[in-house]
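*Asks:* Structure file work.pdb, PDB, C-alpha atoms and all ligand atoms, is pasted below:
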ATOM      1  CA  MET A   1      84.441  84.384 112.311
ATOM      2  CA  THR A   2      84.563  88.150 112.724
ATOM      3  CA  LEU A   3      86.163  90.714 110.410
ATOM      4  CA  ASP A   4      87.868  94.086 110.768
ATOM      5  CA  LEU A   5      86.984  95.297 107.287
ATOM      6  CA  LEU A   6      84.127  94.254 104.977
ATOM      7  CA  ALA A   7      83.748  95.554 101.418
ATOM      8  CA  ILE A   8      80.195  95.351 100.049
ATOM      9  CA  ALA A   9      79.344  95.789  96.350
ATOM     10  CA  ALA A  10      76.719  94.841  93.788
ATOM     11  CA  HIS A  11      78.652  92.485  91.514
ATOM     12  CA  PRO A  12      81.638  90.156  91.762
ATOM     13  CA  ASP A  13      84.629  92.213  90.485
ATOM     14  CA  ASP A  14      83.267  95.594  91.708
ATOM     15  CA  VAL A  15      85.336  95.376  94.890
ATOM     16  CA  GLU A  16      88.481  94.343  93.024
ATOM     17  CA  LEU A  17      88.109  97.376  90.763
ATOM     18  CA  THR A  18      87.366  99.968  93.436
ATOM     19  CA  CYS A  19      89.115  98.969  96.669
ATOM     20  CA  GLY A  20      91.099  95.766  96.052
ATOM     21  CA  GLY A  21      94.388  97.510  96.831
ATOM     22  CA  THR A  22      93.041  98.784 100.142
ATOM     23  CA  LEU A  23      91.872  95.281 101.119
ATOM     24  CA  LEU A  24      95.361  93.938 100.372
ATOM     25  CA  LYS A  25      96.989  96.725 102.316
ATOM     26  CA  SER A  26      94.677  96.156 105.300
ATOM     27  CA  HIS A  27      95.529  92.450 105.251
ATOM     28  CA  ALA A  28      99.242  93.317 105.256
ATOM     29  CA  GLN A  29      98.552  95.539 108.295
ATOM     30  CA  GLY A  30      97.187  92.508 110.131
ATOM     31  CA  TYR A  31      93.466  93.084 109.660
ATOM     32  CA  LYS A  32      90.925  90.424 108.749
ATOM     33  CA  THR A  33      89.098  91.395 105.576
ATOM     34  CA  GLY A  34      86.097  90.157 103.619
ATOM     35  CA  ILE A  35      83.936  90.780 100.549
ATOM     36  CA  LEU A  36      80.156  90.616 100.268
ATOM     37  CA  ASP A  37      78.903  90.501  96.679
ATOM     38  CA  LEU A  38      75.209  91.378  96.886
ATOM     39  CA  THR A  39      74.507  89.540  93.608
ATOM     40  CA  ALA A  40      76.207  86.633  91.875
ATOM     41  CA  GLY A  41      76.598  88.745  88.709
ATOM     42  CA  GLU A  42      74.350  86.435  86.722
ATOM     43  CA  MET A  43      73.255  89.156  84.266
ATOM     44  CA  GLY A  44      76.771  89.749  82.958
ATOM     45  CA  THR A  45      76.921  89.567  79.165
ATOM     46  CA  ARG A  46      79.907  87.239  79.347
ATOM     47  CA  GLY A  47      80.504  84.080  81.345
ATOM     48  CA  THR A  48      78.040  81.937  83.312
ATOM     49  CA  PRO A  49      77.197  82.228  87.036
ATOM     50  CA  GLU A  50      79.354  79.131  87.658
ATOM     51  CA  ILE A  51      82.345  80.651  85.856
ATOM     52  CA  ARG A  52      81.901  83.965  87.663
ATOM     53  CA  ALA A  53      81.715  82.200  91.046
ATOM     54  CA  LYS A  54      84.974  80.387  90.287
ATOM     55  CA  GLU A  55      86.610  83.622  89.211
ATOM     56  CA  ALA A  56      85.383  85.413  92.345
ATOM     57  CA  GLY A  57      86.880  82.619  94.454
ATOM     58  CA  ALA A  58      90.222  82.908  92.664
ATOM     59  CA  ALA A  59      90.215  86.706  93.066
ATOM     60  CA  ALA A  60      89.379  86.371  96.782
ATOM     61  CA  LYS A  61      92.466  84.191  97.247
ATOM     62  CA  ILE A  62      94.660  86.722  95.468
ATOM     63  CA  LEU A  63      93.223  89.526  97.640
ATOM     64  CA  LYS A  64      93.853  87.366 100.768
ATOM     65  CA  VAL A  65      90.379  87.947 102.163
ATOM     66  CA  SER A  66      89.227  85.664 104.999
ATOM     67  CA  TRP A  67      85.616  85.592 103.842
ATOM     68  CA  ARG A  68      83.682  86.087 100.606
ATOM     69  CA  GLY A  69      79.967  85.541 100.258
ATOM     70  CA  THR A  70      76.778  86.654  98.532
ATOM     71  CA  ILE A  71      73.189  87.219  99.685
ATOM     72  CA  ASN A  72      71.856  86.395  96.199
ATOM     73  CA  VAL A  73      70.088  89.632  95.407
ATOM     74  CA  PRO A  74      68.973  89.369  91.743
ATOM     75  CA  ASP A  75      71.559  90.957  89.431
ATOM     76  CA  SER A  76      70.224  94.091  87.646
ATOM     77  CA  ASP A  77      67.509  94.370  90.303
ATOM     78  CA  VAL A  78      69.414  95.486  93.410
ATOM     79  CA  GLN A  79      66.888  97.294  95.615
ATOM     80  CA  PRO A  80      67.005  98.384  99.251
ATOM     81  CA  SER A  81      64.005  96.159 100.030
ATOM     82  CA  ARG A  82      63.197  95.009 103.553
ATOM     83  CA  GLN A  83      64.061  91.412 102.639
ATOM     84  CA  HIS A  84      67.528  92.271 101.262
ATOM     85  CA  LYS A  85      68.257  94.633 104.149
ATOM     86  CA  LEU A  86      67.494  91.841 106.615
ATOM     87  CA  SER A  87      69.758  89.411 104.703
ATOM     88  CA  LEU A  88      72.533  91.974 104.834
ATOM     89  CA  ALA A  89      71.925  92.750 108.516
ATOM     90  CA  ARG A  90      72.278  89.023 109.243
ATOM     91  CA  VAL A  91      75.730  89.011 107.604
ATOM     92  CA  ILE A  92      76.762  92.154 109.522
ATOM     93  CA  ARG A  93      75.704  90.604 112.831
ATOM     94  CA  GLU A  94      77.660  87.458 112.007
ATOM     95  CA  LEU A  95      80.883  89.079 110.767
ATOM     96  CA  ARG A  96      80.837  92.209 112.990
ATOM     97  CA  PRO A  97      83.190  94.325 110.839
ATOM     98  CA  ARG A  98      84.473  97.526 112.447
ATOM     99  CA  THR A  99      84.638  99.229 109.056
ATOM    100  CA  VAL A 100      82.465  98.716 105.980
ATOM    101  CA  ILE A 101      83.281  99.920 102.463
ATOM    102  CA  LEU A 102      80.297 100.692 100.193
ATOM    103  CA  PRO A 103      79.948 101.969  96.622
ATOM    104  CA  TYR A 104      79.441 105.741  96.292
ATOM    105  CA  TRP A 105      75.742 106.679  96.437
ATOM    106  CA  GLU A 106      75.559 108.117  92.916
ATOM    107  CA  ALA A 107      76.459 106.041  89.863
ATOM    108  CA  ARG A 108      75.532 105.273  86.253
ATOM    109  CA  HIS A 109      74.516 101.680  87.023
ATOM    110  CA  PRO A 110      71.375 101.546  89.227
ATOM    111  CA  ASP A 111      72.704  98.407  90.977
ATOM    112  CA  HIS A 112      75.669 100.435  92.235
ATOM    113  CA  TYR A 113      73.716 103.281  93.819
ATOM    114  CA  HIS A 114      71.088 100.911  95.160
ATOM    115  CA  ALA A 115      73.924  98.787  96.616
ATOM    116  CA  SER A 116      75.101 101.886  98.469
ATOM    117  CA  THR A 117      71.658 102.480 100.015
ATOM    118  CA  LEU A 118      71.065  98.805 100.707
ATOM    119  CA  GLY A 119      74.498  98.573 102.355
ATOM    120  CA  TYR A 120      73.935 101.591 104.590
ATOM    121  CA  GLU A 121      70.411 100.642 105.621
ATOM    122  CA  GLY A 122      71.363  96.990 106.208
ATOM    123  CA  CYS A 123      74.183  98.135 108.536
ATOM    124  CA  PHE A 124      71.721 100.382 110.348
ATOM    125  CA  LEU A 125      69.117  97.621 110.780
ATOM    126  CA  ALA A 126      71.774  95.238 112.131
ATOM    127  CA  GLY A 127      72.086  97.456 115.215
ATOM    128  CA  LEU A 128      68.386  97.531 116.142
ATOM    129  CA  LYS A 129      67.878  95.603 119.361
ATOM    130  CA  GLN A 130      64.163  94.977 118.822
ATOM    131  CA  LEU A 131      64.618  93.573 115.325
ATOM    132  CA  ALA A 132      63.257  90.041 114.920
ATOM    133  CA  LEU A 133      66.511  88.673 113.508
ATOM    134  CA  GLU A 134      68.972  86.102 114.768
ATOM    135  CA  GLY A 135      72.336  87.265 116.080
ATOM    136  CA  GLU A 136      73.540  89.914 118.526
ATOM    137  CA  PRO A 137      72.676  93.504 117.500
ATOM    138  CA  TYR A 138      75.745  95.123 115.954
ATOM    139  CA  ARG A 139      76.501  98.212 113.878
ATOM    140  CA  PRO A 140      79.825  98.898 112.126
ATOM    141  CA  PHE A 141      81.711 101.896 113.550
ATOM    142  CA  LYS A 142      82.805 103.381 110.234
ATOM    143  CA  ILE A 143      81.357 103.483 106.708
ATOM    144  CA  LEU A 144      83.541 104.470 103.758
ATOM    145  CA  TYR A 145      82.466 105.005 100.160
ATOM    146  CA  CYS A 146      84.554 104.116  97.060
ATOM    147  CA  THR A 147      84.633 107.001  94.608
ATOM    148  CA  SER A 148      87.164 105.934  91.967
ATOM    149  CA  PHE A 149      84.666 105.821  89.079
ATOM    150  CA  GLU A 150      82.668 108.828  90.171
ATOM    151  CA  GLY A 151      85.220 111.613  90.002
ATOM    152  CA  MET A 152      84.288 113.770  92.994
ATOM    153  CA  PRO A 153      87.021 114.949  95.362
ATOM    154  CA  PRO A 154      87.683 112.164  97.879
ATOM    155  CA  THR A 155      88.038 112.651 101.636
ATOM    156  CA  PHE A 156      91.261 110.649 101.540
ATOM    157  CA  ILE A 157      93.344 108.467  99.229
ATOM    158  CA  VAL A 158      95.069 105.211 100.173
ATOM    159  CA  ASP A 159      98.546 104.656  98.708
ATOM    160  CA  ILE A 160      98.283 101.245  96.984
ATOM    161  CA  THR A 161     101.566 101.418  95.076
ATOM    162  CA  LYS A 162     102.859  98.208  96.709
ATOM    163  CA  GLN A 163      99.526  96.442  96.200
ATOM    164  CA  TYR A 164      98.846  97.539  92.635
ATOM    165  CA  ASP A 165     100.263  94.512  90.776
ATOM    166  CA  THR A 166      98.451  92.048  93.024
ATOM    167  CA  ARG A 167      95.213  93.995  92.697
ATOM    168  CA  ARG A 168      95.621  93.872  88.921
ATOM    169  CA  ARG A 169      96.037  90.079  89.079
ATOM    170  CA  ALA A 170      92.809  89.862  91.110
ATOM    171  CA  ILE A 171      90.975  91.930  88.486
ATOM    172  CA  LEU A 172      92.321  89.800  85.657
ATOM    173  CA  ALA A 173      91.209  86.651  87.505
ATOM    174  CA  TYR A 174      87.825  87.519  85.966
ATOM    175  CA  ARG A 175      88.988  85.966  82.735
ATOM    176  CA  SER A 176      85.493  85.702  81.257
ATOM    177  CA  GLN A 177      85.142  89.496  81.601
ATOM    178  CA  PHE A 178      88.613  90.735  80.728
ATOM    179  CA  ARG A 179      90.041  88.018  78.504
ATOM    180  CA  PRO A 180      87.015  86.711  76.613
ATOM    181  CA  ALA A 181      87.344  84.006  73.958
ATOM    182  CA  LYS A 182      87.763  85.353  70.425
ATOM    183  CA  SER A 183      84.256  84.192  69.511
ATOM    184  CA  GLU A 184      82.840  86.439  72.253
ATOM    185  CA  ARG A 185      84.798  89.536  71.338
ATOM    186  CA  ARG A 186      82.696  90.660  68.394
ATOM    187  CA  GLN A 187      79.409  91.217  70.131
ATOM    188  CA  ARG A 188      76.973  93.900  69.137
ATOM    189  CA  VAL A 189      76.841  95.262  72.665
ATOM    190  CA  PHE A 190      79.754  97.558  73.340
ATOM    191  CA  LEU A 191      81.372  96.493  76.584
ATOM    192  CA  ALA A 192      83.305  99.253  78.272
ATOM    193  CA  ILE A 193      84.936  96.497  80.304
ATOM    194  CA  ASP A 194      87.296  95.849  77.379
ATOM    195  CA  GLU A 195      89.011  99.102  78.252
ATOM    196  CA  LEU A 196      88.782  98.636  81.980
ATOM    197  CA  ASP A 197      92.287  97.354  82.674
ATOM    198  CA  ASN A 198      93.730 100.380  80.936
ATOM    199  CA  ARG A 199      91.274 102.710  82.628
ATOM    200  CA  MET A 200      92.002 101.276  86.063
ATOM    201  CA  ASP A 201      95.686 101.961  85.539
ATOM    202  CA  LEU A 202      94.944 105.572  84.571
ATOM    203  CA  LEU A 203      92.553 106.094  87.483
ATOM    204  CA  ALA A 204      94.899 104.593  90.074
ATOM    205  CA  ARG A 205      97.762 106.721  88.702
ATOM    206  CA  HIS A 206      95.576 109.831  88.794
ATOM    207  CA  TYR A 207      94.615 109.319  92.449
ATOM    208  CA  GLY A 208      98.186 108.344  93.304
ATOM    209  CA  ALA A 209      99.480 111.569  91.748
ATOM    210  CA  LEU A 210      97.117 113.616  93.949
ATOM    211  CA  ILE A 211      98.972 112.395  97.047
ATOM    212  CA  GLY A 212     102.434 112.182  95.486
ATOM    213  CA  VAL A 213     102.646 108.386  95.052
ATOM    214  CA  LYS A 214     102.362 106.095  92.026
ATOM    215  CA  TYR A 215      98.967 104.442  92.634
ATOM    216  CA  GLY A 216      96.047 105.351  94.891
ATOM    217  CA  GLU A 217      92.435 104.424  95.730
ATOM    218  CA  PRO A 218      90.046 107.258  96.710
ATOM    219  CA  PHE A 219      87.409 107.142  99.451
ATOM    220  CA  LEU A 220      84.781 109.447 100.807
ATOM    221  CA  GLN A 221      83.325 109.525 104.298
ATOM    222  CA  LYS A 222      80.389 111.627 105.431
ATOM    223  CA  GLU A 223      82.036 112.692 108.694
ATOM    224  CA  PRO A 224      84.973 115.126 108.885
ATOM    225  CA  MET A 225      88.390 113.539 109.470
ATOM    226  CA  GLN A 226      89.764 113.958 112.979
ATOM    227  CA  VAL A 227      93.456 114.888 113.186
ATOM    228  CA  GLU A 228      95.668 114.618 116.276
ATOM    229  CA  ASP A 229      98.995 115.831 114.873
ATOM    230  CA  VAL A 230      98.900 118.745 112.428
ATOM    231  CA  VAL A 231     102.715 118.874 112.223
ATOM    232  CA  ASN A 232     103.087 115.389 110.732
ATOM    233  CA  LEU A 233     100.327 115.404 108.132
ATOM    234  CA  PRO A 234     101.261 113.596 104.892
ATOM    235  CA  VAL A 235     100.993 114.962 101.282
ATOM    236  CA  ARG A 236     103.054 117.981 100.305
ATOM    237  CA  SER A 237     101.260 121.320  99.887
ATOM    238  CA  ILE A 238     103.901 123.343  97.987
TER     239      ILE A 238
HETATM  240 ZN    ZN B   1      79.164  96.418  89.201
END
Could you write out this file's structure as structure tokens?
*Replies:*
Amino acid sequence: MTLDLLAIAAHPDDVELTCGGTLLKSHAQGYKTGILDLTAGEMGTRGTPEIRAKEAGAAAKILKVSWRGTINVPDSDVQPSRQHKLSLARVIRELRPRTVILPYWEARHPDHYHASTLGYEGCFLAGLKQLALEGEPYRPFKILYCTSFEGMPPTFIVDITKQYDTRRRAILAYRSQFRPAKSERRQRVFLAIDELDNRMDLLARHYGALIGVKYGEPFLQKEPMQVEDVVNLPVRSI
């Protein structure tokens, strides 16, 4: 199976929170999409790896992705090591996505910024002809970075107004994270995730407002955007 769009992130639920609406929209546009969770999220304070795997499967169905997998990098120890880069390059050669979405390269959680580096370098390695690795050499054409949690000005924003409710359902499929049992709610560790549903709504509204729609997801790319038609550009200036 090959994909048009592959979203790569450190933990199950990262993709749902940062670019789930864009995956849904791409699917509606006829593209084949997929998610690679680098880790299985086994260090999460709540839930077990088995529960999280089930939840990730349910969320994948809601997001209508054709493929979801993991390369079993240890959670809380995501590093751009040679071994992990090769595992990732193997997946890239197999799925051959034209476009890859990665986390932004600066973040509070080390797994997130390491996931960004690991993702980029794995994509690069996948294209090396002399690499001793099974599969045809292949490099994605485009790499995009999710910036919704990071706050810097994005290169562009995707209107996800039509996809917002479905994306929210995919996020809430992680019941162990967002709807924990009462006995788990009073833990000493403060979990910002309790506020995440609310925060996601605010963030998506904020980015939507910047382009004059209800909900949006922001992305950054390192290259300038090419424009063919300056008369028909979207987003009102005055
Ligand atoms: Zn994460």
*Asks:* List the spatial neighbours of Pro218 in chain A as number ranges by chain - criterion: any atom at most 12 Å away, only C-alpha atoms, same-chain residues fewer than 5 positions off excluded.
*Replies:* A: 17-22, 101, 103-104, 144-160, 203-211
*Asks:* Near Ser116 in chain A, counting only C-alpha atoms, which residues have an atom at most 10 Å away, once you skip same-chain residues fewer than 4 positions from it, shown as a PyMOL selection string?
*Replies:* chain A and resi 8-10+78-80+101-107+110-112+120-122+145-146
*Asks:* May I have the residues from that selection written out with C-alpha atoms, as a short mmCIF file (atom, residue, chain, number, x, y, z; two decimals), in the coordinates of the input?
*Replies:*
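As a result, part11.cif now contains:
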data_model
loop_
_atom_site.label_atom_id
_atom_site.label_comp_id
_atom_site.auth_asym_id
_atom_site.auth_seq_id
_atom_site.Cartn_x
_atom_site.Cartn_y
_atom_site.Cartn_z
CA ILE A 8 80.19 95.35 100.05
CA ALA A 9 79.34 95.79 96.35
CA ALA A 10 76.72 94.84 93.79
CA VAL A 78 69.41 95.49 93.41
CA GLN A 79 66.89 97.29 95.62
CA PRO A 80 67.00 98.38 99.25
CA ILE A 101 83.28 99.92 102.46
CA LEU A 102 80.30 100.69 100.19
CA PRO A 103 79.95 101.97 96.62
CA TYR A 104 79.44 105.74 96.29
CA TRP A 105 75.74 106.68 96.44
CA GLU A 106 75.56 108.12 92.92
CA ALA A 107 76.46 106.04 89.86
CA PRO A 110 71.38 101.55 89.23
CA ASP A 111 72.70 98.41 90.98
CA HIS A 112 75.67 100.44 92.24
CA TYR A 120 73.94 101.59 104.59
CA GLU A 121 70.41 100.64 105.62
CA GLY A 122 71.36 96.99 106.21
CA TYR A 145 82.47 105.00 100.16
CA CYS A 146 84.55 104.12 97.06
#
*Asks:* I want to know what sits within 9 Å of range 60-73 of chain A, based on all atoms listed in the file, with residues of the same chain fewer than 4 positions away left out; could you give that as a PyMOL selection string?
*Replies:* chain A and resi 1+3+6+10+16+20-21+23-24+27+32-40+55-56+77-79+84+87-88+91+166-167+169-170+173
*Asks:* Determine the residue membership of the PyMOL selection byres (((chain A and resi 99) around 9) and not hetatm) for the file above and supply it as number ranges by chain.
*Replies:* A: 3-7, 96-98, 100-101, 140-144
*Asks:* Looking at all atoms listed in the file, which of A:Val213, A:Leu202, A:Val235, A:Leu196 is the one that sits closest to Ile171 in chain A?
*Replies:* A:Leu196
*Asks:* For ligand ZN 1 (chain B), which residue out of A:Gly57, A:Gly44, A:Pro234, A:Pro137 is the nearest one, using only C-alpha atoms and all ligand atoms?
*Replies:*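 Checking each of A:Gly57, A:Gly44, A:Pro234, A:Pro137 against ligand ZN 1 (chain B), counting only C-alpha atoms and all ligand atoms, the winner is A:Gly44.
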*Asks:* Compare A:Ile51, A:Gln29, A:His109, A:Phe124 by their minimum atom-to-atom distance to ligand ZN 1 (chain B), counting only C-alpha atoms and all ligand atoms, and give me the closest one.
*Replies:*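 Ranking A:Ile51, A:Gln29, A:His109, A:Phe124 by distance to ligand ZN 1 (chain B), first place goes to A:His109.
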*Asks:* For Glu134 in chain A, please output as a PDB file with C-alpha atoms, in the frame of the given file all residues within 10 Å (counting all atoms listed in the file; exclusion window: fewer than 5 positions along the same chain).
*Replies:*
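Printed below is selection-v7.pdb as written:
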ATOM      1  CA  ALA A  89      71.925  92.750 108.516  1.00  0.00           C
ATOM      2  CA  ARG A  90      72.278  89.023 109.243  1.00  0.00           C
ATOM      3  CA  ARG A  93      75.704  90.604 112.831  1.00  0.00           C
ATOM      4  CA  GLU A  94      77.660  87.458 112.007  1.00  0.00           C
ATOM      5  CA  ALA A 126      71.774  95.238 112.131  1.00  0.00           C
TER       6      ALA A 126
END
*Asks:* Kindly give the distance, in Å, that separates CA of Tyr164 in chain A and CA of Thr45 in chain A, rounded to a single decimal.
*Replies:*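 Distance reported for this atom pair: 26.9 Å.
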*Asks:* Every residue with an atom at most 7 Å from (78.8, 87.3, 88.7) (file coordinates; all atoms listed in the file) is what I'm after, so could you write them as a PDB file with C-alpha atoms, in the frame of the given file?
*Replies:*
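Just written: part_22.pdb:
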ATOM      1  CA  HIS A  11      78.652  92.485  91.514  1.00  0.00           C
ATOM      2  CA  PRO A  12      81.638  90.156  91.762  1.00  0.00           C
ATOM      3  CA  THR A  39      74.507  89.540  93.608  1.00  0.00           C
ATOM      4  CA  ALA A  40      76.207  86.633  91.875  1.00  0.00           C
ATOM      5  CA  GLY A  41      76.598  88.745  88.709  1.00  0.00           C
ATOM      6  CA  GLU A  42      74.350  86.435  86.722  1.00  0.00           C
ATOM      7  CA  GLY A  44      76.771  89.749  82.958  1.00  0.00           C
ATOM      8  CA  PRO A  49      77.197  82.228  87.036  1.00  0.00           C
ATOM      9  CA  ARG A  52      81.901  83.965  87.663  1.00  0.00           C
ATOM     10  CA  ALA A  53      81.715  82.200  91.046  1.00  0.00           C
TER      11      ALA A  53
END
*Asks:* When distances are computed from all atoms listed in the file, which of A:Leu86, A:Gln177, A:Ala28, A:Glu50 shows the smallest separation from ligand ZN 1 (chain B)?
*Replies:*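 When distances to ligand ZN 1 (chain B) are compared using all atoms listed in the file, the smallest one comes from A:Gln177.
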*Asks:* For Thr48 in chain A, which residue among A:Ser176, A:Met200, A:Arg168, A:Arg139 is the nearest when counting all atoms listed in the file?
*Replies:* A:Ser176
*Asks:* Find the smallest box with edges along x, y and z containing every listed atom of range 58-68 of chain A, then add 6 Å on each side and report centre and edge lengths in Å to one decimal, as JSON.
*Replies:*
{"center_x": 89.2, "center_y": 86.2, "center_z": 98.8, "size_x": 23.0, "size_y": 18.6, "size_z": 24.3}
*Asks:* Quick check, in Å to one decimal: how far apart do CA of Lys162 in chain A and CA of Tyr113 in chain A lie?
*Replies:* 29.7 Å
